[in-house]
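Source file: coords_17.tsv; contents: TSV, C-alpha atoms.
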chain	number	residue	atom	x	y	z
W	92	ILE	CA	11.50	8.36	-0.08
W	93	GLY	CA	11.10	6.49	3.19
W	94	VAL	CA	8.80	3.62	4.05
W	95	VAL	CA	7.17	2.76	7.37
W	96	ALA	CA	5.02	-0.35	7.68
W	97	PHE	CA	2.36	-0.52	10.35
W	98	ALA	CA	-0.41	-2.57	11.84
W	99	LYS	CA	-0.61	-2.73	15.64
W	100	ASN	CA	3.05	-1.67	15.73
W	101	SER	CA	5.10	0.37	13.27
W	102	TYR	CA	8.61	-0.15	11.99
W	103	LEU	CA	10.94	1.58	9.58
W	104	VAL	CA	11.28	-0.45	6.38
W	105	SER	CA	13.50	2.05	4.60
W	106	PRO	CA	14.97	5.27	5.95
W	107	MET	CA	14.81	8.38	3.78
W	108	SER	CA	16.71	7.54	0.57
W	109	PHE	CA	17.17	8.70	-3.00
W	110	ASP	CA	17.88	5.08	-4.00
W	111	HIS	CA	14.52	4.28	-5.56
W	112	GLY	CA	15.69	0.81	-6.59
W	113	ALA	CA	16.49	-0.14	-3.00
W	114	VAL	CA	13.15	1.24	-1.77
W	115	LYS	CA	11.32	-0.65	-4.53
W	116	PHE	CA	13.13	-3.85	-3.53
W	117	LEU	CA	12.23	-3.39	0.15
W	118	LEU	CA	8.60	-2.67	-0.72
W	119	ALA	CA	8.43	-5.86	-2.77
W	120	GLN	CA	9.57	-7.84	0.30
W	121	LEU	CA	6.67	-6.61	2.47
W	122	ASN	CA	3.82	-9.01	3.12
W	123	THR	CA	1.21	-9.57	5.78
W	124	ASP	CA	2.79	-12.86	6.93
W	125	SER	CA	5.28	-10.91	9.05
W	126	ILE	CA	2.54	-9.15	11.05
W	127	THR	CA	2.36	-10.72	14.49
W	128	GLU	CA	-0.35	-8.44	15.95
W	129	LYS	CA	-3.25	-7.38	13.78
W	130	GLY	CA	-4.61	-3.85	14.05
W	131	THR	CA	-4.24	-0.34	12.70
W	132	ASP	CA	-2.40	1.96	15.06
W	133	PHE	CA	-2.06	5.33	13.35
W	134	LEU	CA	-0.52	6.88	16.49
W	135	SER	CA	2.33	4.37	16.32
W	136	LEU	CA	2.81	5.23	12.65
W	137	LEU	CA	2.87	8.98	13.36
W	138	ASN	CA	5.42	8.52	16.15
W	139	VAL	CA	7.81	6.61	13.87
W	140	VAL	CA	7.34	9.13	11.04
W	141	ASN	CA	7.97	12.07	13.36
W	142	LYS	CA	11.21	10.52	14.68
W	143	THR	CA	12.36	9.54	11.19
W	144	ILE	CA	11.91	12.81	9.31
W	145	LYS	CA	12.38	15.30	12.13
W	146	THR	CA	15.42	16.95	10.51
W	147	LYS	CA	14.15	17.15	6.93
W	148	ASN	CA	13.01	20.50	5.51
W	149	LYS	CA	10.10	19.21	3.41
W	150	LYS	CA	7.89	16.46	4.72
W	151	TYR	CA	5.19	14.64	2.80
W	152	LEU	CA	3.27	11.73	4.23
W	153	LEU	CA	1.18	9.33	2.18
W	154	ILE	CA	-0.68	6.78	4.28
W	155	LEU	CA	-1.97	3.64	2.61
W	156	SER	CA	-4.29	1.74	4.92
W	157	ASP	CA	-7.39	-0.41	5.05
W	158	GLY	CA	-8.79	2.22	7.42
W	159	GLY	CA	-8.62	0.10	10.52
W	160	ASP	CA	-11.47	-1.06	12.65
W	161	LYS	CA	-12.14	2.13	14.58
W	162	ASP	CA	-14.87	4.66	14.01
W	163	ASN	CA	-13.27	7.55	15.89
W	164	PHE	CA	-9.84	8.87	14.88
W	165	SER	CA	-9.96	12.08	16.96
W	166	LYS	CA	-6.70	11.26	18.81
W	167	GLU	CA	-4.89	10.65	15.55
W	168	ILE	CA	-6.27	13.82	13.97
W	169	LYS	CA	-5.25	15.86	17.02
W	170	LYS	CA	-1.72	14.46	16.90
W	171	MET	CA	-1.45	15.08	13.15
W	172	ARG	CA	-2.52	18.69	13.62
W	173	ARG	CA	0.37	19.12	16.07
W	174	TYR	CA	2.75	17.92	13.34
W	175	LEU	CA	1.38	20.25	10.65
W	176	PRO	CA	3.21	23.35	11.92
W	177	VAL	CA	6.54	21.53	11.50
W	178	GLY	CA	5.82	20.81	7.88
W	179	ILE	CA	4.19	17.41	7.39
W	180	LYS	CA	1.74	17.64	4.50
Could you spell out this file's structure in structure tokens?
Amino acid sequence: IGVVAFAKNSYLVSPMSFDHGAVKFLLAQLNTDSITEKGTDFLSLLNVVNKTIKTKNKKYLLILSDGGDKDNFSKEIKKMRRYLPVGIK
């Protein structure tokens, strides 16, 4: 399990780990008070995810979001489709 938090920018909260207790602890520490720039930048999220799990054989990505304030996500969808051949599901 790995965790990436994102708004306008993305950052790695927890690298890939089998230590579920540590990941649970780090998740509990997340809050919106630490967000300095509001927004929903899925491209930033996808870039961090791609760098983080590049060497893993199986890749699963669960995105939890408020959906952002955009109506058109064609750039994000195009980028995600480029990742699909390398195994992100």
Gap from atom CA of W:Ser125 to atom CA of W:Ser165 - Å, one decimal: 28.7 Å
Interatomic distance (Å, one decimal) between atom CA of W:Leu152 and atom CA of W:Gln120: 20.9 Å
9 Å contact set for stretch 94-111 of chain W, only C-alpha atoms, chain neighbours under 6 positions out, as a PyMOL selection string: chain W and resi 117-118+121+126-133+135-140+143-144+156+159
The centre and edge lengths of an axis-aligned box containing all atoms of stretch 158-177 of chain W present in the file, extended by 8 Å on each side, are to be given in Å to one decimal, as AutoDock Vina command-line options.
--center_x -4.2 --center_y 11.1 --center_z 13.1 --size_x 37.4 --size_y 40.4 --size_z 27.4
Interatomic distance (Å, one decimal) between atom CA of W:Gly93 and atom CA of W:Asn163: 27.5 Å
Can I get stretch 124-135 of chain W with N, CA, C and O atoms filled in, as an mmCIF file, in the frame of the given file?
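Result file rebuild_5.cif:
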data_model
loop_
_atom_site.group_PDB
_atom_site.id
_atom_site.type_symbol
_atom_site.label_atom_id
_atom_site.label_comp_id
_atom_site.auth_asym_id
_atom_site.auth_seq_id
_atom_site.Cartn_x
_atom_site.Cartn_y
_atom_site.Cartn_z
ATOM 1 N N ASP W 124 2.373 -11.701 6.133
ATOM 2 C CA ASP W 124 2.790 -12.860 6.930
ATOM 3 C C ASP W 124 3.681 -12.462 8.102
ATOM 4 O O ASP W 124 3.761 -13.171 9.098
ATOM 5 N N SER W 125 4.360 -11.324 7.985
ATOM 6 C CA SER W 125 5.280 -10.910 9.050
ATOM 7 C C SER W 125 4.574 -10.134 10.164
ATOM 8 O O SER W 125 5.205 -9.771 11.155
ATOM 9 N N ILE W 126 3.288 -9.891 10.027
ATOM 10 C CA ILE W 126 2.540 -9.150 11.050
ATOM 11 C C ILE W 126 2.144 -10.107 12.164
ATOM 12 O O ILE W 126 1.413 -11.067 11.941
ATOM 13 N N THR W 127 2.656 -9.835 13.368
ATOM 14 C CA THR W 127 2.360 -10.720 14.490
ATOM 15 C C THR W 127 1.117 -10.268 15.252
ATOM 16 O O THR W 127 0.413 -11.088 15.822
ATOM 17 N N GLU W 128 0.843 -8.964 15.276
ATOM 18 C CA GLU W 128 -0.350 -8.440 15.950
ATOM 19 C C GLU W 128 -1.168 -7.648 14.941
ATOM 20 O O GLU W 128 -0.691 -6.670 14.383
ATOM 21 N N LYS W 129 -2.366 -8.069 14.713
ATOM 22 C CA LYS W 129 -3.250 -7.380 13.780
ATOM 23 C C LYS W 129 -3.743 -6.080 14.408
ATOM 24 O O LYS W 129 -3.818 -5.939 15.618
ATOM 25 N N GLY W 130 -4.093 -5.123 13.570
ATOM 26 C CA GLY W 130 -4.610 -3.850 14.050
ATOM 27 C C GLY W 130 -4.171 -2.722 13.140
ATOM 28 O O GLY W 130 -3.448 -2.938 12.162
ATOM 29 N N THR W 131 -4.617 -1.530 13.450
ATOM 30 C CA THR W 131 -4.240 -0.340 12.700
ATOM 31 C C THR W 131 -3.990 0.772 13.697
ATOM 32 O O THR W 131 -4.927 1.419 14.147
ATOM 33 N N ASP W 132 -2.742 0.953 14.068
ATOM 34 C CA ASP W 132 -2.400 1.960 15.060
ATOM 35 C C ASP W 132 -1.745 3.162 14.375
ATOM 36 O O ASP W 132 -0.528 3.196 14.166
ATOM 37 N N PHE W 133 -2.573 4.139 14.013
ATOM 38 C CA PHE W 133 -2.060 5.330 13.350
ATOM 39 C C PHE W 133 -1.148 6.148 14.256
ATOM 40 O O PHE W 133 -0.227 6.801 13.778
ATOM 41 N N LEU W 134 -1.388 6.134 15.579
ATOM 42 C CA LEU W 134 -0.520 6.880 16.490
ATOM 43 C C LEU W 134 0.892 6.307 16.473
ATOM 44 O O LEU W 134 1.871 7.056 16.485
ATOM 45 N N SER W 135 1.019 5.004 16.423
ATOM 46 C CA SER W 135 2.330 4.370 16.320
ATOM 47 C C SER W 135 3.016 4.792 15.025
ATOM 48 O O SER W 135 4.209 5.119 15.021
#
